[in-house]
There are 2 protein chains.
Amino acid sequence: MSQSVSLETVARAAGVSTSTVSRVLSRPELVNAHTRERVEGVIARLGYLPHGAARALARKRSGSVGAVIPRLGVSLFSNTVQALQQTLHTAGYELLLSTPEWRPGDEVHHLRGLVTHGVDGVALLGSEHSPEVYALLESLHLPFICVWASDEKRRGLPCAGLDNAAAIRLVAEHLIGLGHRRIAMVSGRTRHNERARARVRGLRAAMRSAGLDLPRDAVVEADYSYEAGERAARIVLERHSKLTAIVCGNDYLAIGALAACRATGRAVPQDVSVTGLNDGELARYTWPPLTTVHLPMWEIGERAARYLIARLDGLDAPPPGDLPVSLRVRGSTAVASPQPRRGGRAG
Amino acid sequence: MSQSVSLETVARAAGVSTSTVSRVLSRPELVNAHTRERVEGVIARLGYLPHGAARALARKRSGSVGAVIPRLGVSLFSNTVQALQQTLHTAGYELLLSTPEWRPGDEVHHLRGLVTHGVDGVALLGSEHSPEVYALLESLHLPFICVWASDEKRRGLPCAGLDNAAAIRLVAEHLIGLGHRRIAMVSGRTRHNERARARVRGLRAAMRSAGLDLPRDAVVEADYSYEAGERAARIVLERHSKLTAIVCGNDYLAIGALAACRATGRAVPQDVSVTGLNDGELARYTWPPLTTVHLPMWEIGERAARYLIARLDGLDAPPPGDLPVSLRVRGSTAVASPQPRRGGRAG
DNA sequence: TTGTAGGCGTTATCAT
DNA sequence: ATGATAACGCCTACAA
């Protein structure tokens, strides 16, 4: 906020009025070519940058949108955030970031901060946002979109995400196609977790339609951690000695299960296929990579941004809804998403 | 930006002037207890939220800082960003995010966007920012800090980061302490990469002071990718048959090297220690985890934020500089950093 | 095509 | 302790 050169400065230096300069900036077609060039010259020479606050005050729009993200550390989101930011930037918007804790009330508090600061729209990442959040959003008539949510979807709120059941179905069909008949699952806790439930449902459905059986005790729930994943995998491996594939509901679980397979001597690539859901990290950190589902996190962010932008332009575009997922088969390095992915420079 | 209830609205409803309401908000001690309560009541009842743009215009500060981050996808940064955001939020600031591509000029362009929007300070994550960036920052007298930079450090710019040479030294000393004598390194390309150079330097120094030799051909450079890491590791394993440890400059390289060890039958835990530098992801995704260096990414973000906040308050605190790194030994799950780390819910 | 003037919602300076 | 009032920098009818 250390502006010094203002519209007025430019106007004086160019020998015109402030309105003319303003027009050069926002509606150049309304101003004479000569004067425009002159003014543009002065603007460049003086390095003038518009004052956002003043502009926002006059225009009644800030040109920024807020993102509320429970845990940015979960890198699943960082791709999406990057896509959000870049897409918004291209359309002339800035992204305000907010990463509340999971303390009750923290979320509304953060959201209030964003609103006070002046955002034209909001992206809510992740599930389980508190009712007050939506109340506030509604009362302000603020356009918003839920990204990567699941409960929100069934409540009819505008969403951009994916179909978890379909994702797992993809995995299951792939495995079945490879000839696997005895498949187990290491799932996340399904209680209070629609995502996890959907994934179990997906597997069950796929196997049923292939005429295969998924015994109750072949689905083991575990907390989302490596240790729990390893324990759970050991349990199913013990229960079902003829198992040839384990589907895992999540990266952590898959990593743990992989360790269990290695430890128990069940060589993974040959005998037991461990399959996780997030290609984002899993495929990068197991090498050679496991077969995973590619979640289009980048595209989700991009589509969410586009939806918001349309809303901010007064259009009422339909929310993206569920985006298609695809399989990333072990060993293949093909990537469907547009973002740069491998070969990070940092480290 | 869909405000409706303003200071004026509140003032009228409370039967006072706008100045009084304003005071209640920013300097409550100056207003009579009775009126204050009454006004606060109205504020709450009407759900009034201050208009950031108007406030910024009058106060001449926006109450926000910008972050320029080359690649958020590199999750190394996401922890830091989260720390930045939360620390700033606590101090009443919002964080504006910008993730430029590596196209020339894109960075200044993004920065200009942030400035236009009105930020009071800027955090530059990563190295290799273009000169124009600093020129712009200087000309606006905008407080800024370089985070996780290395070239910037030697140029005397305010930084928050860590000492890469020291980090690798830590690893080396650990390995040497375990009895390893023949150690090799898979390094990132050192050309145009001060970080990579520092890490090689660190290993060389540590071995020299332990009276050990690091043959020239025991350091192999590779691009930051799994494949390259695996190839490089195979090369050193072949060259030096008595090798008992490989130090890797980066997650990707370590993963690749790990695969090489497994493939060539050199069982990793017993014979060859593969050690990477980023605890952030590597230790999470190799299970059981490798020995890694713990980079205090959260703390770096926090310290960077504190520095900026101090600067914005007119104080001139010293920049954090290099923060201490620590070792995370294989199998130990002890975590030194304050942020929540494992058990992601997403997936 | 360009200039004039009023207003956007808050803060801060002065009076009262 | 409170209330007018003039900025803050920009936008936009409206007038010229």
# chains A, B, ... in the order shown; residues from 1 in each chain; ligands from 1
$ select_by_dssp --residues "range 52-271 of chain B" --states "strand (DSSP E)" --output "PyMOL selection string"
chain B and resi 64-68+94-98+121-125+144-147+159-162+183-188+219-222+245-248
$ write_last_selection --atoms "N, CA and C atoms" --output "compact mmCIF listing (two decimals), in the first residue's frame"
# COMPACT_ATOMS: atom_id res chain seq x y z
N SER B 64 -3.27 -6.71 4.15
CA SER B 64 -3.04 -8.00 3.49
C SER B 64 -1.62 -8.07 2.98
N VAL B 65 -1.11 -9.25 2.90
CA VAL B 65 0.21 -9.43 2.31
C VAL B 65 0.11 -10.47 1.21
N GLY B 66 0.98 -10.34 0.25
CA GLY B 66 0.97 -11.25 -0.88
C GLY B 66 2.06 -12.29 -0.78
N ALA B 67 1.81 -13.45 -1.36
CA ALA B 67 2.83 -14.48 -1.44
C ALA B 67 3.00 -14.87 -2.90
N VAL B 68 4.21 -14.86 -3.35
CA VAL B 68 4.50 -15.28 -4.71
C VAL B 68 5.18 -16.64 -4.66
N GLU B 94 -4.69 -10.72 5.85
CA GLU B 94 -5.11 -11.75 4.91
C GLU B 94 -3.93 -12.08 4.00
N LEU B 95 -3.96 -13.26 3.44
CA LEU B 95 -2.89 -13.66 2.53
C LEU B 95 -3.40 -13.76 1.11
N LEU B 96 -2.75 -13.04 0.22
CA LEU B 96 -3.08 -13.11 -1.19
C LEU B 96 -2.08 -14.02 -1.88
N LEU B 97 -2.58 -15.01 -2.59
CA LEU B 97 -1.71 -16.00 -3.17
C LEU B 97 -1.49 -15.77 -4.66
N SER B 98 -0.29 -16.00 -5.10
CA SER B 98 -0.01 -15.87 -6.52
C SER B 98 0.97 -16.95 -6.93
N GLY B 121 2.76 -5.99 2.18
CA GLY B 121 4.06 -6.64 2.19
C GLY B 121 4.01 -7.87 1.32
N VAL B 122 5.16 -8.44 1.06
CA VAL B 122 5.22 -9.58 0.14
C VAL B 122 6.20 -10.65 0.63
N ALA B 123 5.79 -11.88 0.48
CA ALA B 123 6.70 -13.00 0.73
C ALA B 123 7.01 -13.68 -0.60
N LEU B 124 8.28 -13.79 -0.89
CA LEU B 124 8.70 -14.45 -2.14
C LEU B 124 9.21 -15.84 -1.80
N LEU B 125 8.48 -16.85 -2.24
CA LEU B 125 8.93 -18.20 -1.95
C LEU B 125 9.80 -18.72 -3.08
N PHE B 144 9.41 -6.89 2.27
CA PHE B 144 9.33 -8.23 1.69
C PHE B 144 10.32 -9.15 2.35
N ILE B 145 10.12 -10.43 2.12
CA ILE B 145 11.06 -11.41 2.64
C ILE B 145 11.17 -12.57 1.66
N CYS B 146 12.37 -13.06 1.50
CA CYS B 146 12.59 -14.22 0.63
C CYS B 146 12.55 -15.47 1.48
N VAL B 147 11.72 -16.40 1.08
CA VAL B 147 11.59 -17.61 1.87
C VAL B 147 12.15 -18.79 1.08
N CYS B 159 15.92 -12.85 4.44
CA CYS B 159 15.55 -14.24 4.12
C CYS B 159 15.08 -15.02 5.34
N ALA B 160 14.33 -16.05 5.05
CA ALA B 160 14.01 -17.07 6.04
C ALA B 160 14.20 -18.40 5.34
N GLY B 161 15.10 -19.20 5.83
CA GLY B 161 15.37 -20.46 5.15
C GLY B 161 16.20 -21.38 5.99
N LEU B 162 17.09 -22.08 5.34
CA LEU B 162 17.94 -22.99 6.10
C LEU B 162 19.26 -23.19 5.38
N ILE B 183 30.57 -43.92 1.37
CA ILE B 183 29.31 -43.23 1.12
C ILE B 183 29.34 -42.57 -0.25
N ALA B 184 28.24 -42.66 -0.95
CA ALA B 184 28.15 -42.00 -2.26
C ALA B 184 27.02 -40.98 -2.23
N MET B 185 26.92 -40.21 -3.27
CA MET B 185 25.84 -39.24 -3.33
C MET B 185 25.20 -39.18 -4.71
N VAL B 186 23.88 -39.17 -4.68
CA VAL B 186 23.13 -38.88 -5.90
C VAL B 186 22.60 -37.46 -5.75
N SER B 187 23.16 -36.58 -6.50
CA SER B 187 22.86 -35.15 -6.32
C SER B 187 22.01 -34.63 -7.47
N GLY B 188 21.33 -33.55 -7.21
CA GLY B 188 20.66 -32.86 -8.30
C GLY B 188 21.70 -32.13 -9.14
N VAL B 219 30.04 -39.16 -6.71
CA VAL B 219 28.96 -38.17 -6.73
C VAL B 219 28.39 -38.13 -8.14
N VAL B 220 27.17 -38.53 -8.28
CA VAL B 220 26.55 -38.55 -9.60
C VAL B 220 25.39 -37.57 -9.64
N GLU B 221 25.40 -36.75 -10.65
CA GLU B 221 24.31 -35.79 -10.77
C GLU B 221 23.17 -36.36 -11.60
N ALA B 222 21.99 -35.93 -11.30
CA ALA B 222 20.82 -36.42 -12.05
C ALA B 222 19.74 -35.36 -12.01
N ALA B 245 26.27 -46.69 1.90
CA ALA B 245 25.28 -45.63 2.08
C ALA B 245 25.24 -44.70 0.87
N ILE B 246 24.05 -44.27 0.54
CA ILE B 246 23.91 -43.29 -0.52
C ILE B 246 23.14 -42.10 0.02
N VAL B 247 23.70 -40.94 -0.13
CA VAL B 247 23.01 -39.73 0.28
C VAL B 247 22.36 -39.13 -0.96
N CYS B 248 21.09 -38.82 -0.85
CA CYS B 248 20.40 -38.26 -2.01
C CYS B 248 20.02 -36.81 -1.74
$ interface_residues --of "chain D" --to "chain A" --cutoff "8 Å" --atoms "only C-alpha atoms (C1' of nucleotides)" --output "number ranges by chain"
D: 8-11
$ write_last_selection --atoms "N, CA and C atoms (P, O5', C5', C4', C3', O3' and C1' of nucleotides)" --output "compact mmCIF listing (two decimals), in the first residue's frame"
# COMPACT_ATOMS: atom_id res chain seq x y z
P DC D 8 -6.00 13.33 0.48
O5' DC D 8 -5.93 11.75 0.48
C5' DC D 8 -6.23 10.96 1.60
C4' DC D 8 -6.60 9.56 1.16
C3' DC D 8 -6.58 9.36 -0.36
O3' DC D 8 -5.44 8.58 -0.72
C1' DC D 8 -8.60 8.49 0.64
P DG D 9 -4.57 9.05 -1.99
O5' DG D 9 -5.26 8.29 -3.21
C5' DG D 9 -5.25 6.88 -3.24
C4' DG D 9 -6.20 6.39 -4.31
C3' DG D 9 -5.95 6.97 -5.70
O3' DG D 9 -5.95 5.90 -6.61
C1' DG D 9 -8.21 7.30 -5.08
P DC D 10 -5.87 6.04 -8.13
O5' DC D 10 -7.37 5.72 -8.54
C5' DC D 10 -7.89 4.43 -8.23
C4' DC D 10 -9.37 4.41 -8.46
C3' DC D 10 -9.79 4.61 -9.92
O3' DC D 10 -10.43 3.42 -10.35
C1' DC D 10 -11.11 5.93 -8.42
P DC D 11 -10.84 3.26 -11.84
O5' DC D 11 -12.40 3.62 -11.79
C5' DC D 11 -13.24 2.80 -11.01
C4' DC D 11 -14.65 3.32 -11.08
C3' DC D 11 -15.23 3.45 -12.49
O3' DC D 11 -16.54 2.92 -12.45
C1' DC D 11 -15.41 5.50 -11.33
$ select_by_dssp --residues "range 88-187 of chain B" --states "alpha helix (DSSP H)" --output "number ranges by chain"
B: 88-90, 106-117, 131-139, 151-154, 164-177
$ write_last_selection --atoms "N, CA and C atoms" --output "short mmCIF file (atom, residue, chain, number, x, y, z; two decimals), in the first residue's frame"
data_model
loop_
_atom_site.label_atom_id
_atom_site.label_comp_id
_atom_site.auth_asym_id
_atom_site.auth_seq_id
_atom_site.Cartn_x
_atom_site.Cartn_y
_atom_site.Cartn_z
N LEU B 88 -0.30 -14.90 9.82
CA LEU B 88 -0.79 -13.59 9.39
C LEU B 88 -2.22 -13.37 9.86
N HIS B 89 -3.02 -14.40 9.73
CA HIS B 89 -4.43 -14.29 10.13
C HIS B 89 -4.54 -13.89 11.59
N THR B 90 -3.72 -14.53 12.41
CA THR B 90 -3.74 -14.22 13.84
C THR B 90 -3.43 -12.75 14.08
N ASP B 106 6.40 -13.43 -16.15
CA ASP B 106 5.15 -13.82 -15.51
C ASP B 106 5.15 -13.42 -14.04
N GLU B 107 6.33 -13.51 -13.47
CA GLU B 107 6.43 -13.23 -12.04
C GLU B 107 6.13 -11.76 -11.73
N VAL B 108 6.76 -10.87 -12.45
CA VAL B 108 6.51 -9.44 -12.25
C VAL B 108 5.04 -9.14 -12.50
N HIS B 109 4.54 -9.77 -13.50
CA HIS B 109 3.14 -9.57 -13.84
C HIS B 109 2.24 -9.92 -12.65
N HIS B 110 2.48 -11.07 -12.08
CA HIS B 110 1.70 -11.48 -10.92
C HIS B 110 1.91 -10.52 -9.75
N LEU B 111 3.16 -10.17 -9.54
CA LEU B 111 3.46 -9.27 -8.44
C LEU B 111 2.72 -7.95 -8.63
N ARG B 112 2.72 -7.47 -9.86
CA ARG B 112 2.02 -6.22 -10.14
C ARG B 112 0.55 -6.35 -9.78
N GLY B 113 0.00 -7.52 -10.10
CA GLY B 113 -1.39 -7.77 -9.73
C GLY B 113 -1.59 -7.66 -8.23
N LEU B 114 -0.71 -8.24 -7.48
CA LEU B 114 -0.81 -8.18 -6.03
C LEU B 114 -0.73 -6.74 -5.54
N VAL B 115 0.23 -6.02 -6.07
CA VAL B 115 0.43 -4.63 -5.64
C VAL B 115 -0.80 -3.79 -5.97
N THR B 116 -1.28 -3.94 -7.17
CA THR B 116 -2.47 -3.22 -7.57
C THR B 116 -3.61 -3.52 -6.62
N HIS B 117 -3.71 -4.78 -6.30
CA HIS B 117 -4.79 -5.14 -5.40
C HIS B 117 -4.59 -4.50 -4.04
N PRO B 131 15.10 -9.85 -11.44
CA PRO B 131 15.53 -8.55 -10.94
C PRO B 131 14.39 -7.54 -10.90
N GLU B 132 13.53 -7.57 -11.92
CA GLU B 132 12.43 -6.60 -11.94
C GLU B 132 11.57 -6.72 -10.69
N VAL B 133 11.44 -7.94 -10.21
CA VAL B 133 10.66 -8.14 -9.00
C VAL B 133 11.21 -7.29 -7.87
N TYR B 134 12.50 -7.39 -7.68
CA TYR B 134 13.10 -6.63 -6.59
C TYR B 134 13.05 -5.14 -6.87
N ALA B 135 13.22 -4.79 -8.13
CA ALA B 135 13.16 -3.38 -8.50
C ALA B 135 11.80 -2.80 -8.12
N LEU B 136 10.76 -3.53 -8.50
CA LEU B 136 9.40 -3.08 -8.20
C LEU B 136 9.19 -2.95 -6.70
N LEU B 137 9.60 -3.97 -5.99
CA LEU B 137 9.47 -3.98 -4.53
C LEU B 137 10.17 -2.77 -3.91
N GLU B 138 11.39 -2.52 -4.38
CA GLU B 138 12.16 -1.41 -3.85
C GLU B 138 11.47 -0.09 -4.14
N SER B 139 11.06 0.08 -5.38
CA SER B 139 10.51 1.37 -5.78
C SER B 139 9.22 1.68 -5.03
N ASP B 151 20.19 -18.06 -3.32
CA ASP B 151 20.97 -17.02 -3.98
C ASP B 151 20.69 -15.68 -3.33
N GLU B 152 19.42 -15.48 -3.00
CA GLU B 152 19.02 -14.22 -2.41
C GLU B 152 19.78 -13.95 -1.11
N LYS B 153 20.03 -15.03 -0.40
CA LYS B 153 20.68 -14.89 0.89
C LYS B 153 22.03 -14.20 0.75
N ARG B 154 22.80 -14.70 -0.19
CA ARG B 154 24.13 -14.13 -0.34
C ARG B 154 24.08 -12.72 -0.90
N ASN B 164 21.64 -25.42 3.65
CA ASN B 164 21.64 -26.72 2.99
C ASN B 164 22.90 -27.53 3.27
N ALA B 165 24.02 -26.85 3.32
CA ALA B 165 25.26 -27.56 3.60
C ALA B 165 25.17 -28.21 4.98
N ALA B 166 24.70 -27.44 5.93
CA ALA B 166 24.58 -27.95 7.29
C ALA B 166 23.63 -29.14 7.35
N ALA B 167 22.57 -29.07 6.55
CA ALA B 167 21.59 -30.15 6.55
C ALA B 167 22.22 -31.46 6.12
N ILE B 168 22.96 -31.41 5.02
CA ILE B 168 23.59 -32.63 4.55
C ILE B 168 24.67 -33.08 5.51
N ARG B 169 25.35 -32.13 6.09
CA ARG B 169 26.38 -32.48 7.06
C ARG B 169 25.78 -33.32 8.18
N LEU B 170 24.61 -32.93 8.58
CA LEU B 170 23.90 -33.67 9.64
C LEU B 170 23.72 -35.12 9.23
N VAL B 171 23.25 -35.31 8.01
CA VAL B 171 23.04 -36.66 7.50
C VAL B 171 24.35 -37.43 7.50
N ALA B 172 25.36 -36.78 6.96
CA ALA B 172 26.66 -37.45 6.82
C ALA B 172 27.19 -37.87 8.18
N GLU B 173 27.11 -36.96 9.13
CA GLU B 173 27.63 -37.29 10.46
C GLU B 173 26.85 -38.44 11.07
N HIS B 174 25.57 -38.45 10.82
CA HIS B 174 24.75 -39.55 11.33
C HIS B 174 25.22 -40.88 10.74
N LEU B 175 25.39 -40.90 9.44
CA LEU B 175 25.80 -42.13 8.76
C LEU B 175 27.18 -42.57 9.25
N ILE B 176 28.09 -41.62 9.32
CA ILE B 176 29.44 -41.92 9.77
C ILE B 176 29.41 -42.48 11.19
N GLY B 177 28.55 -41.86 11.99
CA GLY B 177 28.41 -42.33 13.36
C GLY B 177 27.91 -43.77 13.42
#
$ closest_atom_pairs --of "chain C" --to "chain A" --cutoff "12 Å" --atoms "only C-alpha atoms (C1' of nucleotides)" --output "Markdown table"
| residue | atom | partner | partner_atom | distance |
| --- | --- | --- | --- | --- |
| C:DT1 | C1' | A:Val31 | CA | 6.4 |
| C:DT2 | C1' | A:Thr20 | CA | 7.0 |
| C:DG3 | C1' | A:Ser17 | CA | 6.4 |
| C:DT4 | C1' | A:Ser19 | CA | 9.5 |
| C:DA5 | C1' | A:Ser19 | CA | 11.1 |
| C:DG6 | C1' | A:Ala58 | CA | 11.7 |
| C:DG7 | C1' | A:Ala58 | CA | 8.1 |
| C:DC8 | C1' | A:Ala58 | CA | 4.9 |
| C:DG9 | C1' | A:Leu57 | CA | 7.6 |
| C:DT10 | C1' | A:Leu57 | CA | 10.6 |
$ write_last_selection --atoms "C-alpha atoms (C1' of nucleotides)" --output "mmCIF file, in the first residue's frame"
data_model
loop_
_atom_site.group_PDB
_atom_site.id
_atom_site.type_symbol
_atom_site.label_atom_id
_atom_site.label_comp_id
_atom_site.auth_asym_id
_atom_site.auth_seq_id
_atom_site.Cartn_x
_atom_site.Cartn_y
_atom_site.Cartn_z
ATOM 1 C "C1'" DT C 1 -14.000 13.233 -27.302
ATOM 2 C "C1'" DT C 2 -13.174 15.273 -22.841
ATOM 3 C "C1'" DG C 3 -14.003 17.508 -18.324
ATOM 4 C "C1'" DT C 4 -16.818 18.327 -13.956
ATOM 5 C "C1'" DA C 5 -18.653 16.694 -9.913
ATOM 6 C "C1'" DG C 6 -20.709 13.530 -6.764
ATOM 7 C "C1'" DG C 7 -20.308 9.335 -4.418
ATOM 8 C "C1'" DC C 8 -18.316 4.683 -2.759
ATOM 9 C "C1'" DG C 9 -17.655 3.396 3.182
ATOM 10 C "C1'" DT C 10 -14.167 4.485 6.535
#
$ closest_residue --among "B:Ala259, B:Val10, B:Ala91, B:Leu243" --to "chain A" --atoms "only C-alpha atoms"
B:Ala259
$ atom_distance --atom1 "CA of Tyr252 in chain A" --atom2 "CA of Leu84 in chain A"
25.7 Å
